[in-house]
$ cat entry_35.cif   # mmCIF, C-alpha atoms
data_start
#
loop_
_atom_site.label_atom_id
_atom_site.label_comp_id
_atom_site.auth_asym_id
_atom_site.auth_seq_id
_atom_site.Cartn_x
_atom_site.Cartn_y
_atom_site.Cartn_z
CA MET F 62 36.28 4.58 -6.44
CA VAL F 63 35.92 1.11 -4.93
CA SER F 64 32.71 0.32 -3.10
CA SER F 65 32.59 -1.69 0.05
CA PRO F 66 31.24 -5.21 -0.63
CA ARG F 67 28.51 -4.40 1.84
CA TRP F 68 27.19 -1.57 -0.38
CA THR F 69 27.88 -3.06 -3.82
CA GLY F 70 24.36 -4.48 -4.14
CA SER F 71 22.81 -1.08 -3.55
CA ASP F 72 24.86 0.71 -6.25
CA ALA F 73 22.23 0.04 -8.94
CA ALA F 74 19.40 1.13 -6.66
CA LEU F 75 21.22 4.36 -5.92
CA ARG F 76 21.44 5.08 -9.64
CA ALA F 77 17.72 4.38 -10.24
CA VAL F 78 15.51 7.43 -10.64
CA GLN F 79 11.83 7.54 -9.84
CA VAL F 80 9.74 8.96 -12.66
CA ALA F 81 6.33 10.54 -12.02
CA PHE F 82 3.69 10.82 -14.70
CA ASP F 83 1.17 13.66 -14.75
CA VAL F 84 -1.70 12.05 -16.63
CA GLU F 85 -5.48 12.23 -16.67
CA LYS F 86 -7.49 10.40 -14.03
CA GLN F 87 -8.70 7.97 -16.70
CA VAL F 88 -5.11 6.79 -17.30
CA ILE F 89 -4.38 6.51 -13.59
CA ASP F 90 -7.56 4.51 -13.02
CA ALA F 91 -6.80 2.18 -15.96
CA VAL F 92 -3.30 1.44 -14.65
CA ARG F 93 -4.55 0.89 -11.09
CA TYR F 94 -7.37 -1.41 -12.19
CA ALA F 95 -5.02 -3.42 -14.40
CA ALA F 96 -2.57 -3.70 -11.50
CA LEU F 97 -5.35 -4.90 -9.23
CA GLU F 98 -6.46 -7.50 -11.77
CA GLN F 99 -2.87 -8.70 -12.23
CA GLN F 100 -2.24 -8.52 -8.47
CA VAL F 101 0.85 -6.37 -8.93
CA SER F 102 1.75 -2.89 -7.76
CA PRO F 103 0.90 0.06 -10.00
CA SER F 104 4.64 0.58 -10.47
CA ASP F 105 5.07 -3.01 -11.67
CA GLN F 106 2.03 -2.61 -13.93
CA ILE F 107 3.67 0.41 -15.57
CA ARG F 108 6.84 -1.65 -16.08
CA LEU F 109 4.75 -4.40 -17.71
CA ILE F 110 3.03 -1.87 -19.98
CA LEU F 111 6.42 -0.47 -21.00
CA GLY F 112 7.89 -3.93 -21.61
CA LEU F 113 10.41 -3.62 -18.79
CA PRO F 114 11.43 -6.52 -16.56
CA VAL F 115 9.50 -6.92 -13.33
CA THR F 116 11.06 -8.54 -10.29
CA SER F 117 8.88 -11.36 -9.10
CA LYS F 118 9.81 -11.12 -5.46
CA PRO F 119 6.80 -11.86 -3.27
CA VAL F 120 5.23 -8.83 -1.71
CA ARG F 121 3.41 -9.04 1.58
CA PRO F 122 -0.11 -7.85 0.86
CA ARG F 123 -0.98 -5.01 3.18
CA LEU F 124 -2.76 -1.71 3.39
CA THR F 125 -1.29 1.32 5.09
CA VAL F 126 -2.70 4.51 6.50
CA THR F 127 -1.00 7.30 8.42
CA LEU F 128 -2.74 8.20 11.68
CA SER F 129 -2.10 11.28 13.79
CA ASP F 130 -2.67 11.46 17.53
CA ALA F 131 -5.95 13.25 16.77
CA ASP F 132 -6.96 10.37 14.49
CA TYR F 133 -6.22 7.87 17.28
CA ALA F 134 -8.39 9.92 19.66
CA ILE F 135 -11.29 9.91 17.17
CA LEU F 136 -10.94 6.18 16.54
CA ALA F 137 -10.64 5.38 20.24
CA GLU F 138 -13.94 7.14 20.85
CA ARG F 139 -15.56 5.48 17.83
CA PHE F 140 -14.48 1.98 18.89
CA GLY F 141 -14.90 2.55 22.63
CA VAL F 142 -11.30 1.78 23.57
CA PRO F 143 -8.71 3.79 25.51
CA ALA F 144 -6.98 6.41 23.33
CA ASP F 145 -3.54 5.28 24.50
CA ASP F 146 -4.14 1.61 23.56
CA LYS F 147 -2.95 1.76 19.97
CA ARG F 148 -2.86 -2.04 19.71
CA LYS F 149 -6.60 -2.28 20.49
CA ILE F 150 -7.33 0.55 18.06
CA LYS F 151 -5.36 -1.28 15.35
CA GLU F 152 -7.30 -4.48 16.08
CA ALA F 153 -10.58 -2.56 15.79
CA LEU F 154 -9.43 -1.03 12.49
CA HIS F 155 -8.52 -4.49 11.21
CA GLU F 156 -11.98 -5.78 12.07
CA ALA F 157 -13.62 -2.73 10.44
CA LEU F 158 -11.70 -3.37 7.21
CA ILE F 159 -12.75 -7.02 7.22
CA ARG F 160 -16.41 -6.02 7.71
CA PHE F 161 -16.05 -3.50 4.86
CA ALA F 162 -14.70 -6.20 2.53
CA GLN F 163 -17.42 -8.66 3.52
CA THR F 164 -20.12 -6.05 2.87
CA ARG F 165 -18.62 -5.24 -0.55
CA GLN F 166 -18.53 -8.93 -1.48
CA ARG F 167 -22.11 -9.42 -0.33
CA ASP F 168 -23.30 -6.38 -2.31
CA ALA F 169 -21.45 -7.41 -5.49
#

$ encode --input "entry_35.cif" --output "structure tokens"
Amino acid sequence: MVSSPRWTGSDAALRAVQVAFDVEKQVIDAVRYAALEQQVSPSDQIRLILGLPVTSKPVRPRLTVTLSDADYAILAERFGVPADDKRKIKEALHEALIRFAQTRQRDA
């Protein structure tokens, strides 16, 4: 079967299989800490440990969290902003994370 040139690049990705490891918390923590120290993802850290190639494409550093409508309502009340103004809530969350990091650095 001949693939369309548009999809040829994704053929290898389609054949890749994600593997999950059920290991003790100590192993998970060690991999995560090593990844943090190396500034790579835990997945890339596992590849490094296993001697597999790691793509060096730059990754935009970011944190994610999933928020429900109920979460937005709680946060709106906490930050004193309208519940329907998700942009303001996100800005307040951003500032809260920065304050958290500054406090951690100060306490370290």

$ residues_around --input "entry_35.cif" --residues "F:Lys149" --least-positions-apart "4" --cutoff "12 Å" --atoms "all atoms listed in the file" --output "list of chain:residue names"
F:Tyr133, F:Leu136, F:Ala137, F:Glu138, F:Phe140, F:Gly141, F:Val142, F:Pro143, F:Ala144, F:Asp145, F:Ala153, F:Leu154, F:His155, F:Glu156

$ write_last_selection --input "entry_35.cif" --atoms "C-alpha atoms" --output "PDB file, keeping the file's coordinate frame"
ATOM      1  CA  TYR F 133      -6.220   7.870  17.280  1.00  0.00           C
ATOM      2  CA  LEU F 136     -10.940   6.180  16.540  1.00  0.00           C
ATOM      3  CA  ALA F 137     -10.640   5.380  20.240  1.00  0.00           C
ATOM      4  CA  GLU F 138     -13.940   7.140  20.850  1.00  0.00           C
ATOM      5  CA  PHE F 140     -14.480   1.980  18.890  1.00  0.00           C
ATOM      6  CA  GLY F 141     -14.900   2.550  22.630  1.00  0.00           C
ATOM      7  CA  VAL F 142     -11.300   1.780  23.570  1.00  0.00           C
ATOM      8  CA  PRO F 143      -8.710   3.790  25.510  1.00  0.00           C
ATOM      9  CA  ALA F 144      -6.980   6.410  23.330  1.00  0.00           C
ATOM     10  CA  ASP F 145      -3.540   5.280  24.500  1.00  0.00           C
ATOM     11  CA  ALA F 153     -10.580  -2.560  15.790  1.00  0.00           C
ATOM     12  CA  LEU F 154      -9.430  -1.030  12.490  1.00  0.00           C
ATOM     13  CA  HIS F 155      -8.520  -4.490  11.210  1.00  0.00           C
ATOM     14  CA  GLU F 156     -11.980  -5.780  12.070  1.00  0.00           C
TER      15      GLU F 156
END

$ closest_residue --input "entry_35.cif" --among "F:Thr127, F:Ser102, F:Gln87, F:Thr164" --to "F:Val115" --atoms "only C-alpha atoms"
F:Ser102

$ atom_distance --input "entry_35.cif" --atom1 "atom CA of F:Gln79" --atom2 "atom CA of F:Leu97"
21.2 Å

$ residues_around --input "entry_35.cif" --residues "F:Val92" --least-positions-apart "2" --cutoff "12 Å" --atoms "only C-alpha atoms" --output "PyMOL selection string"
chain F and resi 82+84-90+94-111

$ axis_aligned_box --input "entry_35.cif" --around "stretch 110-113 of chain F" --padding-each-side "4 Å" --output "lines of an AutoDock Vina configuration file"
center_x = 6.7
center_y = -2.2
center_z = -20.2
size_x = 15.4
size_y = 11.5
size_z = 10.8

$ closest_residue --input "entry_35.cif" --among "F:Ala81, F:Leu158, F:Arg76, F:Asp168" --to "F:Thr125" --atoms "all atoms listed in the file"
F:Leu158

$ atom_distance --input "entry_35.cif" --atom1 "atom CA of F:Asp130" --atom2 "atom CA of F:Lys147"
10.0 Å

$ atom_distance --input "entry_35.cif" --atom1 "atom CA of F:Gln163" --atom2 "atom CA of F:Arg93"
21.7 Å

$ build_atoms --input "entry_35.cif" --residues "stretch 83-109 of chain F" --atoms "N, CA, C and O atoms" --output "PDB file, in the coordinates of the input"
ATOM      1  N   ASP F  83       2.354  12.830 -14.928  1.00  0.00           N
ATOM      2  CA  ASP F  83       1.170  13.660 -14.750  1.00  0.00           C
ATOM      3  C   ASP F  83       0.226  13.317 -15.904  1.00  0.00           C
ATOM      4  O   ASP F  83       0.433  13.750 -17.035  1.00  0.00           O
ATOM      5  N   VAL F  84      -0.762  12.502 -15.600  1.00  0.00           N
ATOM      6  CA  VAL F  84      -1.700  12.050 -16.630  1.00  0.00           C
ATOM      7  C   VAL F  84      -3.121  12.249 -16.132  1.00  0.00           C
ATOM      8  O   VAL F  84      -3.359  12.512 -14.956  1.00  0.00           O
ATOM      9  N   GLU F  85      -4.071  12.074 -17.025  1.00  0.00           N
ATOM     10  CA  GLU F  85      -5.480  12.230 -16.670  1.00  0.00           C
ATOM     11  C   GLU F  85      -5.914  11.105 -15.732  1.00  0.00           C
ATOM     12  O   GLU F  85      -5.346  10.013 -15.738  1.00  0.00           O
ATOM     13  N   LYS F  86      -6.955  11.372 -14.979  1.00  0.00           N
ATOM     14  CA  LYS F  86      -7.490  10.400 -14.030  1.00  0.00           C
ATOM     15  C   LYS F  86      -7.848   9.089 -14.732  1.00  0.00           C
ATOM     16  O   LYS F  86      -7.665   8.017 -14.180  1.00  0.00           O
ATOM     17  N   GLN F  87      -8.324   9.165 -15.947  1.00  0.00           N
ATOM     18  CA  GLN F  87      -8.700   7.970 -16.700  1.00  0.00           C
ATOM     19  C   GLN F  87      -7.494   7.031 -16.876  1.00  0.00           C
ATOM     20  O   GLN F  87      -7.627   5.821 -16.747  1.00  0.00           O
ATOM     21  N   VAL F  88      -6.321   7.595 -17.135  1.00  0.00           N
ATOM     22  CA  VAL F  88      -5.110   6.790 -17.300  1.00  0.00           C
ATOM     23  C   VAL F  88      -4.703   6.188 -15.965  1.00  0.00           C
ATOM     24  O   VAL F  88      -4.365   5.002 -15.881  1.00  0.00           O
ATOM     25  N   ILE F  89      -4.732   7.003 -14.930  1.00  0.00           N
ATOM     26  CA  ILE F  89      -4.380   6.510 -13.590  1.00  0.00           C
ATOM     27  C   ILE F  89      -5.295   5.367 -13.185  1.00  0.00           C
ATOM     28  O   ILE F  89      -4.836   4.323 -12.715  1.00  0.00           O
ATOM     29  N   ASP F  90      -6.607   5.553 -13.382  1.00  0.00           N
ATOM     30  CA  ASP F  90      -7.560   4.510 -13.020  1.00  0.00           C
ATOM     31  C   ASP F  90      -7.313   3.227 -13.820  1.00  0.00           C
ATOM     32  O   ASP F  90      -7.363   2.121 -13.271  1.00  0.00           O
ATOM     33  N   ALA F  91      -7.038   3.352 -15.118  1.00  0.00           N
ATOM     34  CA  ALA F  91      -6.800   2.180 -15.960  1.00  0.00           C
ATOM     35  C   ALA F  91      -5.587   1.390 -15.479  1.00  0.00           C
ATOM     36  O   ALA F  91      -5.624   0.157 -15.390  1.00  0.00           O
ATOM     37  N   VAL F  92      -4.513   2.108 -15.132  1.00  0.00           N
ATOM     38  CA  VAL F  92      -3.300   1.440 -14.650  1.00  0.00           C
ATOM     39  C   VAL F  92      -3.572   0.771 -13.302  1.00  0.00           C
ATOM     40  O   VAL F  92      -3.196  -0.380 -13.076  1.00  0.00           O
ATOM     41  N   ARG F  93      -4.263   1.471 -12.420  1.00  0.00           N
ATOM     42  CA  ARG F  93      -4.550   0.890 -11.090  1.00  0.00           C
ATOM     43  C   ARG F  93      -5.452  -0.330 -11.188  1.00  0.00           C
ATOM     44  O   ARG F  93      -5.228  -1.330 -10.499  1.00  0.00           O
ATOM     45  N   TYR F  94      -6.479  -0.262 -12.028  1.00  0.00           N
ATOM     46  CA  TYR F  94      -7.370  -1.410 -12.190  1.00  0.00           C
ATOM     47  C   TYR F  94      -6.640  -2.595 -12.796  1.00  0.00           C
ATOM     48  O   TYR F  94      -6.826  -3.741 -12.370  1.00  0.00           O
ATOM     49  N   ALA F  95      -5.799  -2.340 -13.790  1.00  0.00           N
ATOM     50  CA  ALA F  95      -5.020  -3.420 -14.400  1.00  0.00           C
ATOM     51  C   ALA F  95      -4.085  -4.043 -13.366  1.00  0.00           C
ATOM     52  O   ALA F  95      -3.941  -5.270 -13.313  1.00  0.00           O
ATOM     53  N   ALA F  96      -3.460  -3.205 -12.545  1.00  0.00           N
ATOM     54  CA  ALA F  96      -2.570  -3.700 -11.500  1.00  0.00           C
ATOM     55  C   ALA F  96      -3.339  -4.565 -10.506  1.00  0.00           C
ATOM     56  O   ALA F  96      -2.863  -5.631 -10.094  1.00  0.00           O
ATOM     57  N   LEU F  97      -4.521  -4.123 -10.149  1.00  0.00           N
ATOM     58  CA  LEU F  97      -5.350  -4.900  -9.230  1.00  0.00           C
ATOM     59  C   LEU F  97      -5.705  -6.249  -9.835  1.00  0.00           C
ATOM     60  O   LEU F  97      -5.589  -7.287  -9.176  1.00  0.00           O
ATOM     61  N   GLU F  98      -6.104  -6.247 -11.096  1.00  0.00           N
ATOM     62  CA  GLU F  98      -6.460  -7.500 -11.770  1.00  0.00           C
ATOM     63  C   GLU F  98      -5.271  -8.448 -11.864  1.00  0.00           C
ATOM     64  O   GLU F  98      -5.430  -9.661 -11.738  1.00  0.00           O
ATOM     65  N   GLN F  99      -4.079  -7.895 -12.107  1.00  0.00           N
ATOM     66  CA  GLN F  99      -2.870  -8.700 -12.230  1.00  0.00           C
ATOM     67  C   GLN F  99      -2.232  -9.015 -10.870  1.00  0.00           C
ATOM     68  O   GLN F  99      -1.258  -9.754 -10.797  1.00  0.00           O
ATOM     69  N   GLN F 100      -2.762  -8.395  -9.823  1.00  0.00           N
ATOM     70  CA  GLN F 100      -2.240  -8.520  -8.470  1.00  0.00           C
ATOM     71  C   GLN F 100      -0.763  -8.124  -8.397  1.00  0.00           C
ATOM     72  O   GLN F 100       0.080  -8.827  -7.844  1.00  0.00           O
ATOM     73  N   VAL F 101      -0.480  -6.959  -8.999  1.00  0.00           N
ATOM     74  CA  VAL F 101       0.850  -6.370  -8.930  1.00  0.00           C
ATOM     75  C   VAL F 101       0.700  -4.926  -8.481  1.00  0.00           C
ATOM     76  O   VAL F 101      -0.408  -4.380  -8.467  1.00  0.00           O
ATOM     77  N   SER F 102       1.796  -4.305  -8.154  1.00  0.00           N
ATOM     78  CA  SER F 102       1.750  -2.890  -7.760  1.00  0.00           C
ATOM     79  C   SER F 102       1.546  -2.039  -9.011  1.00  0.00           C
ATOM     80  O   SER F 102       1.882  -2.462 -10.124  1.00  0.00           O
ATOM     81  N   PRO F 103       1.011  -0.828  -8.840  1.00  0.00           N
ATOM     82  CA  PRO F 103       0.900   0.060 -10.000  1.00  0.00           C
ATOM     83  C   PRO F 103       2.248   0.299 -10.681  1.00  0.00           C
ATOM     84  O   PRO F 103       2.332   0.370 -11.903  1.00  0.00           O
ATOM     85  N   SER F 104       3.305   0.398  -9.906  1.00  0.00           N
ATOM     86  CA  SER F 104       4.640   0.580 -10.470  1.00  0.00           C
ATOM     87  C   SER F 104       5.026  -0.609 -11.350  1.00  0.00           C
ATOM     88  O   SER F 104       5.537  -0.435 -12.463  1.00  0.00           O
ATOM     89  N   ASP F 105       4.781  -1.819 -10.859  1.00  0.00           N
ATOM     90  CA  ASP F 105       5.070  -3.010 -11.670  1.00  0.00           C
ATOM     91  C   ASP F 105       4.183  -3.063 -12.899  1.00  0.00           C
ATOM     92  O   ASP F 105       4.614  -3.501 -13.969  1.00  0.00           O
ATOM     93  N   GLN F 106       2.934  -2.621 -12.770  1.00  0.00           N
ATOM     94  CA  GLN F 106       2.030  -2.610 -13.930  1.00  0.00           C
ATOM     95  C   GLN F 106       2.573  -1.666 -15.003  1.00  0.00           C
ATOM     96  O   GLN F 106       2.549  -1.991 -16.184  1.00  0.00           O
ATOM     97  N   ILE F 107       3.087  -0.515 -14.600  1.00  0.00           N
ATOM     98  CA  ILE F 107       3.670   0.410 -15.570  1.00  0.00           C
ATOM     99  C   ILE F 107       4.869  -0.247 -16.254  1.00  0.00           C
ATOM    100  O   ILE F 107       5.034  -0.149 -17.474  1.00  0.00           O
ATOM    101  N   ARG F 108       5.700  -0.946 -15.481  1.00  0.00           N
ATOM    102  CA  ARG F 108       6.840  -1.650 -16.080  1.00  0.00           C
ATOM    103  C   ARG F 108       6.363  -2.683 -17.086  1.00  0.00           C
ATOM    104  O   ARG F 108       6.963  -2.833 -18.164  1.00  0.00           O
ATOM    105  N   LEU F 109       5.296  -3.410 -16.768  1.00  0.00           N
ATOM    106  CA  LEU F 109       4.750  -4.400 -17.710  1.00  0.00           C
ATOM    107  C   LEU F 109       4.253  -3.717 -18.984  1.00  0.00           C
ATOM    108  O   LEU F 109       4.510  -4.196 -20.095  1.00  0.00           O
TER     109      LEU F 109
END
